[in-house]
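J.: One structure is given below, represented as structure tokens, and several questions about it will come after.
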Amino acid sequence: MNEIAGMLVSALGQGFIYAPMALGVFLTFSILKTPDLTVEGSFVFGMTACVVVTIAGHPILGLAAGTLAGAAAGLCTGLLQTKLKIEPILSGILTMTGLYTVNYAILGGQSNRYLQYEAKNSLGVTVNKPADTVYKIFQRAFGKDMSSGMTAFLLTMIIVIVTCAVLVTFFRTRNGMAIIATGDNEEMVRSSSINADVSRIGGVMISNALVAFSGALLCQYQKYADLNCGNGMLVMGLASVIIGLTFFSNHSVTIQAVGVVLGSLLYRIIIQIAYKIDMPSYAVKLLSAVIVVIALVIPWLQKTYKKKGGRR
């Protein structure tokens, strides 16, 4: 029983870490109705920006730096789409490709970097010391009697709840509704007083800021940044979005956003179960693709079943 509880806490904790990334994919995929392949680059961009600032001794600012880095990546993609009239898919690919070099340079020409810094001990010998993270700060303040896994789970849950609330509140503002309207009918928006290009750029920026924020959280959770951590992020985000929208597609944006977070949690539970039954790590991507296909087919099966029931 304790093993199952530990597995569930771990899966939910990781689900909450990836939830902002899923919300970012939801913004472009479902609201703006634009495929954005920047995700895999901006996710790592958030990690690399976070690792540099965190090692400097500012873990909270590290999360902010990662988020701003993602917004900058989204700005590049948005400008390519709107000002240079490059196709959305190609715009994302171009930005993602360029970010690989940027991330490599930030990491000092190496593929990964740990959250540790050099310092001299009492004997005057230079040693590596672990850098502080928001999870360590939270545990020292509130979770002294809890395990590190439970502490990380609680803090990430709080962060995601606040992030989701801020995003939903933004969608109720004039600028947020302009982004929604741009995704629904861009031609109608252009015929009104709303600048559709600004709305699209803003939406892509917010999307990639959320993705990079998720990367920054993962960086501080696992205590390192790696160039390969972005591989498969788009499929993972789509899986979470599609699972969430399968049950909440006909509801408001607020309910859909909550559904996406729940989809992220359910996806991580499925992946954790797959690891538990000794599924090879190289088969996880295939499992992710299968989950996406199943989630896409469910609405079609529901419609088909309803039609057959009506005919009867």
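A note on labels: chains of the structure tokens are A, B, ... as shown, every chain counts residues from 1, and ligands are counted from 1 in their shown order.
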Please list as an MDAnalysis selection string every residue within 7 Å of region 255-269 of chain A, counting only C-alpha atoms and excluding residues in the same chain fewer than 6 positions away.
T.: chainID A and resid 11:12 14:16 18:19 22:23 240:241 243:245 248:249
J.: Restricted to all heavy atoms, what would the selected residues look like written as an mmCIF file, in the first residue's frame?
T.:
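So result_23.cif came out as:
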data_model
loop_
_atom_site.group_PDB
_atom_site.id
_atom_site.type_symbol
_atom_site.label_atom_id
_atom_site.label_comp_id
_atom_site.auth_asym_id
_atom_site.auth_seq_id
_atom_site.Cartn_x
_atom_site.Cartn_y
_atom_site.Cartn_z
ATOM 1 N N ALA A 11 3.762 10.269 -9.385
ATOM 2 C CA ALA A 11 3.104 10.507 -10.675
ATOM 3 C C ALA A 11 2.350 11.835 -10.676
ATOM 4 O O ALA A 11 2.432 12.610 -11.637
ATOM 5 C CB ALA A 11 2.141 9.361 -10.982
ATOM 6 N N LEU A 12 1.637 12.108 -9.592
ATOM 7 C CA LEU A 12 0.885 13.361 -9.516
ATOM 8 C C LEU A 12 1.826 14.559 -9.445
ATOM 9 O O LEU A 12 1.554 15.616 -10.033
ATOM 10 C CB LEU A 12 -0.043 13.345 -8.296
ATOM 11 C CG LEU A 12 -1.199 12.345 -8.350
ATOM 12 C CD1 LEU A 12 -1.991 12.372 -7.044
ATOM 13 C CD2 LEU A 12 -2.127 12.641 -9.520
ATOM 14 N N GLN A 14 4.838 14.800 -10.788
ATOM 15 C CA GLN A 14 5.343 15.039 -12.131
ATOM 16 C C GLN A 14 4.244 15.569 -13.037
ATOM 17 O O GLN A 14 4.493 16.401 -13.924
ATOM 18 C CB GLN A 14 5.917 13.745 -12.707
ATOM 19 C CG GLN A 14 7.169 13.274 -11.997
ATOM 20 C CD GLN A 14 7.755 12.032 -12.636
ATOM 21 O OE1 GLN A 14 7.786 11.896 -13.844
ATOM 22 N NE2 GLN A 14 8.223 11.102 -11.812
ATOM 23 N N GLY A 15 3.010 15.103 -12.822
ATOM 24 C CA GLY A 15 1.893 15.613 -13.608
ATOM 25 C C GLY A 15 1.691 17.098 -13.404
ATOM 26 O O GLY A 15 1.432 17.849 -14.360
ATOM 27 N N PHE A 16 1.834 17.557 -12.162
ATOM 28 C CA PHE A 16 1.711 18.985 -11.882
ATOM 29 C C PHE A 16 2.881 19.774 -12.482
ATOM 30 O O PHE A 16 2.709 20.905 -12.937
ATOM 31 C CB PHE A 16 1.637 19.231 -10.374
ATOM 32 C CG PHE A 16 0.266 19.044 -9.796
ATOM 33 C CD1 PHE A 16 0.033 18.110 -8.786
ATOM 34 C CD2 PHE A 16 -0.806 19.799 -10.248
ATOM 35 C CE1 PHE A 16 -1.229 17.941 -8.248
ATOM 36 C CE2 PHE A 16 -2.087 19.629 -9.714
ATOM 37 C CZ PHE A 16 -2.290 18.696 -8.715
ATOM 38 N N TYR A 18 4.462 19.105 -15.254
ATOM 39 C CA TYR A 18 4.243 19.228 -16.691
ATOM 40 C C TYR A 18 2.922 19.925 -17.035
ATOM 41 O O TYR A 18 2.659 20.182 -18.219
ATOM 42 C CB TYR A 18 4.265 17.846 -17.349
ATOM 43 C CG TYR A 18 5.633 17.204 -17.378
ATOM 44 C CD1 TYR A 18 5.918 16.082 -16.603
ATOM 45 C CD2 TYR A 18 6.644 17.711 -18.177
ATOM 46 C CE1 TYR A 18 7.167 15.485 -16.624
ATOM 47 C CE2 TYR A 18 7.898 17.126 -18.215
ATOM 48 C CZ TYR A 18 8.157 16.018 -17.431
ATOM 49 O OH TYR A 18 9.395 15.439 -17.453
ATOM 50 N N ALA A 19 2.091 20.214 -16.044
ATOM 51 C CA ALA A 19 0.791 20.839 -16.302
ATOM 52 C C ALA A 19 0.904 22.213 -16.975
ATOM 53 O O ALA A 19 0.141 22.501 -17.908
ATOM 54 C CB ALA A 19 -0.011 20.941 -15.003
ATOM 55 N N ALA A 22 1.382 21.662 -20.571
ATOM 56 C CA ALA A 22 0.140 21.237 -21.212
ATOM 57 C C ALA A 22 -0.792 22.427 -21.439
ATOM 58 O O ALA A 22 -1.458 22.520 -22.468
ATOM 59 C CB ALA A 22 -0.550 20.174 -20.344
ATOM 60 N N LEU A 23 -0.837 23.358 -20.475
ATOM 61 C CA LEU A 23 -1.660 24.561 -20.644
ATOM 62 C C LEU A 23 -1.143 25.412 -21.801
ATOM 63 O O LEU A 23 -1.926 26.014 -22.539
ATOM 64 C CB LEU A 23 -1.658 25.376 -19.347
ATOM 65 C CG LEU A 23 -2.453 24.786 -18.180
ATOM 66 C CD1 LEU A 23 -2.195 25.579 -16.904
ATOM 67 C CD2 LEU A 23 -3.945 24.776 -18.490
ATOM 68 N N SER A 240 -1.883 15.227 -22.968
ATOM 69 C CA SER A 240 -2.568 15.801 -21.804
ATOM 70 C C SER A 240 -3.759 16.639 -22.236
ATOM 71 O O SER A 240 -4.842 16.561 -21.636
ATOM 72 C CB SER A 240 -1.581 16.663 -21.009
ATOM 73 O OG SER A 240 -0.464 15.921 -20.589
ATOM 74 N N VAL A 241 -3.565 17.446 -23.292
ATOM 75 C CA VAL A 241 -4.649 18.321 -23.772
ATOM 76 C C VAL A 241 -5.809 17.488 -24.300
ATOM 77 O O VAL A 241 -6.979 17.732 -23.956
ATOM 78 C CB VAL A 241 -4.124 19.263 -24.879
ATOM 79 C CG1 VAL A 241 -5.286 20.007 -25.549
ATOM 80 C CG2 VAL A 241 -3.155 20.269 -24.291
ATOM 81 N N ILE A 243 -6.580 14.333 -23.728
ATOM 82 C CA ILE A 243 -7.246 13.581 -22.653
ATOM 83 C C ILE A 243 -8.197 14.506 -21.900
ATOM 84 O O ILE A 243 -9.348 14.143 -21.612
ATOM 85 C CB ILE A 243 -6.210 12.983 -21.686
ATOM 86 C CG1 ILE A 243 -5.444 11.844 -22.361
ATOM 87 C CG2 ILE A 243 -6.896 12.452 -20.426
ATOM 88 C CD1 ILE A 243 -4.279 11.326 -21.544
ATOM 89 N N GLY A 244 -7.735 15.723 -21.568
ATOM 90 C CA GLY A 244 -8.585 16.662 -20.848
ATOM 91 C C GLY A 244 -9.786 17.102 -21.654
ATOM 92 O O GLY A 244 -10.927 17.164 -21.142
ATOM 93 N N LEU A 245 -9.575 17.415 -22.950
ATOM 94 C CA LEU A 245 -10.671 17.906 -23.782
ATOM 95 C C LEU A 245 -11.641 16.809 -24.181
ATOM 96 O O LEU A 245 -12.756 17.099 -24.611
ATOM 97 C CB LEU A 245 -10.109 18.587 -25.036
ATOM 98 C CG LEU A 245 -9.275 19.848 -24.800
ATOM 99 C CD1 LEU A 245 -8.879 20.484 -26.119
ATOM 100 C CD2 LEU A 245 -10.027 20.848 -23.938
ATOM 101 N N PHE A 248 -14.082 17.414 -21.451
ATOM 102 C CA PHE A 248 -14.553 18.778 -21.180
ATOM 103 C C PHE A 248 -14.557 19.659 -22.425
ATOM 104 O O PHE A 248 -14.454 20.868 -22.330
ATOM 105 C CB PHE A 248 -13.658 19.439 -20.118
ATOM 106 C CG PHE A 248 -13.605 18.697 -18.814
ATOM 107 C CD1 PHE A 248 -12.528 17.890 -18.496
ATOM 108 C CD2 PHE A 248 -14.646 18.791 -17.909
ATOM 109 C CE1 PHE A 248 -12.467 17.207 -17.288
ATOM 110 C CE2 PHE A 248 -14.608 18.103 -16.700
ATOM 111 C CZ PHE A 248 -13.517 17.314 -16.395
ATOM 112 N N SER A 249 -14.682 19.072 -23.610
ATOM 113 C CA SER A 249 -14.575 19.852 -24.842
ATOM 114 C C SER A 249 -15.741 20.828 -25.036
ATOM 115 O O SER A 249 -15.582 21.870 -25.672
ATOM 116 C CB SER A 249 -14.510 18.908 -26.049
ATOM 117 O OG SER A 249 -15.665 18.085 -26.104
#
J.: Please provide the set of residues having any atom within 9 Å of Leu218 (chain A), restricted to only C-alpha atoms, with same-chain residues fewer than 5 positions apart removed, written as number ranges by chain.
T.: A: 14, 17-18, 47, 213, 223-225
J.: Give me the residues near Pro130 (chain A) as a ChimeraX atom specification, where near means some atom within 8 Å (using only C-alpha atoms) and where sequence neighbours in that chain fewer than 4 positions away do not count.
T.: /A:115-117
J.: Taking only C-alpha atoms into account, name the residue in A:Thr67, A:Thr246, A:Ser191, A:Thr169 that is nearest to Phe43 (chain A).
T.: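 For Phe43 (chain A), the nearest of the candidates is A:Thr67.
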J.: Please run DSSP on the backbone and report, as an MDAnalysis selection string, all residues within region 140-191 of chain A that come out as alpha helix (DSSP H).
T.: chainID A and resid 140:142 148:171 174:184 186:191
J.: Taking 4 positions as the minimum chain separation for residues in the same chain, which residues sit within 9 Å of region 143-154 of chain A when counting only C-alpha atoms? Answer as a PyMOL selection string.
T.: chain A and resi 6+9-10+12-14+16-17+135-136+138-139+158-159+221
J.: Skipping near chain neighbours, those fewer than 3 positions away, what residues fall within 12 Å of Thr182 (chain A) using only C-alpha atoms, listed as a ChimeraX atom specification?
T.: /A:27-28,30-34,175-179,185-192,194-204
J.: Would you pick out the contacts of Leu227 (chain A) at 9 Å or less, using only C-alpha atoms, so that residues sharing its chain but fewer than 6 positions from it are not included, and give the list as a PyMOL selection string?
T.: chain A and resi 41+44-45+47-48+100+103-104+107+110-112
J.: Export, as a PDB file, in the first residue's frame, the selected residues with N, CA, C and O atoms.
T.:
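Output contents, as saved in selection18.pdb:
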ATOM      1  N   GLY A  41      11.839  23.324 -27.997  1.00  0.00           N
ATOM      2  CA  GLY A  41      12.969  24.224 -27.799  1.00  0.00           C
ATOM      3  C   GLY A  41      12.774  25.145 -26.618  1.00  0.00           C
ATOM      4  O   GLY A  41      13.686  25.361 -25.813  1.00  0.00           O
ATOM      5  N   VAL A  44      13.316  23.495 -23.069  1.00  0.00           N
ATOM      6  CA  VAL A  44      14.721  23.428 -22.658  1.00  0.00           C
ATOM      7  C   VAL A  44      15.277  24.824 -22.408  1.00  0.00           C
ATOM      8  O   VAL A  44      16.119  25.017 -21.516  1.00  0.00           O
ATOM      9  N   PHE A  45      14.803  25.821 -23.156  1.00  0.00           N
ATOM     10  CA  PHE A  45      15.241  27.201 -22.948  1.00  0.00           C
ATOM     11  C   PHE A  45      14.896  27.659 -21.532  1.00  0.00           C
ATOM     12  O   PHE A  45      15.689  28.334 -20.863  1.00  0.00           O
ATOM     13  N   MET A  47      14.668  25.680 -18.974  1.00  0.00           N
ATOM     14  CA  MET A  47      15.572  24.950 -18.081  1.00  0.00           C
ATOM     15  C   MET A  47      16.946  25.608 -18.022  1.00  0.00           C
ATOM     16  O   MET A  47      17.512  25.807 -16.943  1.00  0.00           O
ATOM     17  N   THR A  48      17.489  25.938 -19.197  1.00  0.00           N
ATOM     18  CA  THR A  48      18.852  26.485 -19.232  1.00  0.00           C
ATOM     19  C   THR A  48      18.917  27.865 -18.588  1.00  0.00           C
ATOM     20  O   THR A  48      19.877  28.172 -17.870  1.00  0.00           O
ATOM     21  N   TYR A 100      18.329  25.400 -30.116  1.00  0.00           N
ATOM     22  CA  TYR A 100      19.262  24.341 -29.740  1.00  0.00           C
ATOM     23  C   TYR A 100      20.663  24.923 -29.537  1.00  0.00           C
ATOM     24  O   TYR A 100      21.333  24.617 -28.544  1.00  0.00           O
ATOM     25  N   ASN A 103      20.627  27.202 -26.362  1.00  0.00           N
ATOM     26  CA  ASN A 103      20.653  26.406 -25.134  1.00  0.00           C
ATOM     27  C   ASN A 103      22.019  25.766 -24.902  1.00  0.00           C
ATOM     28  O   ASN A 103      22.509  25.697 -23.770  1.00  0.00           O
ATOM     29  N   TYR A 104      22.620  25.307 -25.970  1.00  0.00           N
ATOM     30  CA  TYR A 104      23.958  24.697 -25.879  1.00  0.00           C
ATOM     31  C   TYR A 104      24.975  25.720 -25.380  1.00  0.00           C
ATOM     32  O   TYR A 104      25.841  25.405 -24.542  1.00  0.00           O
ATOM     33  N   LEU A 107      24.520  26.509 -21.617  1.00  0.00           N
ATOM     34  CA  LEU A 107      25.044  25.433 -20.771  1.00  0.00           C
ATOM     35  C   LEU A 107      26.571  25.336 -20.836  1.00  0.00           C
ATOM     36  O   LEU A 107      27.162  24.412 -20.286  1.00  0.00           O
ATOM     37  N   GLN A 110      28.137  22.309 -23.192  1.00  0.00           N
ATOM     38  CA  GLN A 110      27.958  20.921 -22.765  1.00  0.00           C
ATOM     39  C   GLN A 110      26.482  20.557 -22.818  1.00  0.00           C
ATOM     40  O   GLN A 110      25.620  21.438 -22.844  1.00  0.00           O
ATOM     41  N   SER A 111      26.194  19.282 -22.848  1.00  0.00           N
ATOM     42  CA  SER A 111      24.811  18.844 -23.038  1.00  0.00           C
ATOM     43  C   SER A 111      23.967  18.939 -21.776  1.00  0.00           C
ATOM     44  O   SER A 111      22.737  18.931 -21.862  1.00  0.00           O
ATOM     45  N   ASN A 112      24.587  19.016 -20.606  1.00  0.00           N
ATOM     46  CA  ASN A 112      23.818  19.128 -19.369  1.00  0.00           C
ATOM     47  C   ASN A 112      24.618  19.909 -18.325  1.00  0.00           C
ATOM     48  O   ASN A 112      25.827  20.087 -18.459  1.00  0.00           O
TER      49      ASN A 112
END
J.: Env of Val166 (chain A): 12 Å cut, atoms = only C-alpha atoms, seq-sep filter 2 positions within chain, self excluded. Answer as a PyMOL selection string.
T.: chain A and resi 20+23+159-164+168-173+176+206+210+254+257
J.: Could you build a table of the residues in region 138-248 of chain A lying no more than 8 Å from region 283-304 of chain A, giving for each the nearest pair of atoms and their separation in Å rounded to one decimal place, using only C-alpha atoms, ordered by chain and ascending residue number, as a Markdown table?
T.:
| residue | atom | partner | partner_atom | distance |
| --- | --- | --- | --- | --- |
| A:Gly232 | CA | A:Lys285 | CA | 7.1 |
| A:Val235 | CA | A:Ser288 | CA | 6.8 |
| A:Met236 | CA | A:Ser288 | CA | 6.6 |
| A:Leu238 | CA | A:Val292 | CA | 7.1 |
| A:Ala239 | CA | A:Val292 | CA | 4.9 |
| A:Ile242 | CA | A:Ala295 | CA | 6.0 |
| A:Ile243 | CA | A:Ala295 | CA | 5.6 |
| A:Thr246 | CA | A:Pro299 | CA | 6.5 |
J.: Please, could you write that set of residues out with N, CA, C and O atoms as a compact mmCIF listing (two decimals), in the first residue's frame?
T.:
# COMPACT_ATOMS: atom_id res chain seq x y z
N GLY A 232 10.08 14.96 -27.23
CA GLY A 232 8.78 14.36 -26.95
C GLY A 232 7.83 15.23 -26.15
O GLY A 232 6.72 14.80 -25.82
N VAL A 235 4.36 15.89 -27.95
CA VAL A 235 3.44 14.74 -27.90
C VAL A 235 2.87 14.60 -26.49
O VAL A 235 1.67 14.33 -26.31
N MET A 236 3.72 14.80 -25.48
CA MET A 236 3.26 14.71 -24.10
C MET A 236 2.20 15.78 -23.82
O MET A 236 1.17 15.51 -23.19
N LEU A 238 0.30 17.34 -26.06
CA LEU A 238 -0.91 17.02 -26.83
C LEU A 238 -1.71 15.91 -26.16
O LEU A 238 -2.94 15.96 -26.14
N ALA A 239 -1.01 14.91 -25.63
CA ALA A 239 -1.71 13.82 -24.94
C ALA A 239 -2.50 14.35 -23.76
O ALA A 239 -3.67 14.00 -23.56
N ILE A 242 -5.51 16.50 -25.12
CA ILE A 242 -6.57 15.71 -25.74
C ILE A 242 -7.31 14.88 -24.71
O ILE A 242 -8.54 14.73 -24.77
N ILE A 243 -6.58 14.33 -23.73
CA ILE A 243 -7.25 13.58 -22.65
C ILE A 243 -8.20 14.51 -21.90
O ILE A 243 -9.35 14.14 -21.61
N THR A 246 -11.23 15.56 -24.07
CA THR A 246 -12.14 14.45 -24.36
C THR A 246 -13.35 14.49 -23.44
O THR A 246 -14.47 14.16 -23.84
J.: Find the residue from A:Val127, A:Leu63, A:Thr38, A:Ala49 that sits nearest to Ile106 (chain A); use only C-alpha atoms when measuring.
T.: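 That would be A:Ala49, the residue with the smallest distance to Ile106 (chain A).
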J.: In Å to one decimal, how far is CA of Arg140 (chain A) from CA of Cys229 (chain A)?
T.: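 CA of Arg140 (chain A) lies 28.2 Å from CA of Cys229 (chain A).
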J.: Write out as JSON, numbers by chain all residues of region 45-294 of chain A that DSSP puts in strand (DSSP E) for this structure's backbone.
T.: {"A": [112, 113, 114, 116, 117, 118, 119, 120, 126, 127, 128, 129, 130, 224, 225, 226]}
J.: Could the residues in this selection be saved with N, CA and C atoms as an mmCIF file, in the first residue's frame?
T.:
data_model
loop_
_atom_site.group_PDB
_atom_site.id
_atom_site.type_symbol
_atom_site.label_atom_id
_atom_site.label_comp_id
_atom_site.auth_asym_id
_atom_site.auth_seq_id
_atom_site.Cartn_x
_atom_site.Cartn_y
_atom_site.Cartn_z
ATOM 1 N N ASN A 112 24.587 19.016 -20.606
ATOM 2 C CA ASN A 112 23.818 19.128 -19.369
ATOM 3 C C ASN A 112 24.618 19.909 -18.325
ATOM 4 N N ARG A 113 23.888 20.338 -17.314
ATOM 5 C CA ARG A 113 24.536 21.075 -16.223
ATOM 6 C C ARG A 113 23.740 20.867 -14.947
ATOM 7 N N TYR A 114 24.451 20.542 -13.876
ATOM 8 C CA TYR A 114 23.797 20.279 -12.592
ATOM 9 C C TYR A 114 23.679 21.561 -11.775
ATOM 10 N N GLN A 116 24.703 22.981 -9.141
ATOM 11 C CA GLN A 116 25.737 23.012 -8.116
ATOM 12 C C GLN A 116 26.782 24.061 -8.487
ATOM 13 N N TYR A 117 27.433 24.563 -7.455
ATOM 14 C CA TYR A 117 28.423 25.621 -7.673
ATOM 15 C C TYR A 117 29.695 25.258 -6.900
ATOM 16 N N GLU A 118 30.781 25.893 -7.295
ATOM 17 C CA GLU A 118 32.069 25.621 -6.655
ATOM 18 C C GLU A 118 32.266 26.533 -5.448
ATOM 19 N N ALA A 119 32.740 25.959 -4.365
ATOM 20 C CA ALA A 119 33.014 26.721 -3.143
ATOM 21 C C ALA A 119 34.162 26.035 -2.390
ATOM 22 N N LYS A 120 34.808 26.783 -1.526
ATOM 23 C CA LYS A 120 35.917 26.233 -0.744
ATOM 24 C C LYS A 120 35.419 25.806 0.629
ATOM 25 N N THR A 126 38.510 23.288 -3.026
ATOM 26 C CA THR A 126 37.343 23.615 -3.846
ATOM 27 C C THR A 126 36.474 22.381 -4.036
ATOM 28 N N VAL A 127 35.219 22.494 -3.653
ATOM 29 C CA VAL A 127 34.268 21.382 -3.778
ATOM 30 C C VAL A 127 32.989 21.901 -4.438
ATOM 31 N N ASN A 128 32.197 20.961 -4.945
ATOM 32 C CA ASN A 128 30.900 21.312 -5.531
ATOM 33 C C ASN A 128 29.811 21.224 -4.472
ATOM 34 N N LYS A 129 29.020 22.284 -4.352
ATOM 35 C CA LYS A 129 27.920 22.316 -3.393
ATOM 36 C C LYS A 129 26.595 22.458 -4.144
ATOM 37 N N PRO A 130 25.544 21.763 -3.680
ATOM 38 C CA PRO A 130 24.249 21.865 -4.372
ATOM 39 C C PRO A 130 23.637 23.256 -4.191
ATOM 40 N N TYR A 224 18.965 19.453 -12.397
ATOM 41 C CA TYR A 224 19.876 19.601 -13.538
ATOM 42 C C TYR A 224 19.078 19.978 -14.784
ATOM 43 N N ALA A 225 19.782 20.514 -15.757
ATOM 44 C CA ALA A 225 19.196 20.840 -17.061
ATOM 45 C C ALA A 225 19.898 20.021 -18.120
ATOM 46 N N ASP A 226 19.124 19.526 -19.086
ATOM 47 C CA ASP A 226 19.691 18.672 -20.129
ATOM 48 C C ASP A 226 19.078 19.055 -21.472
#
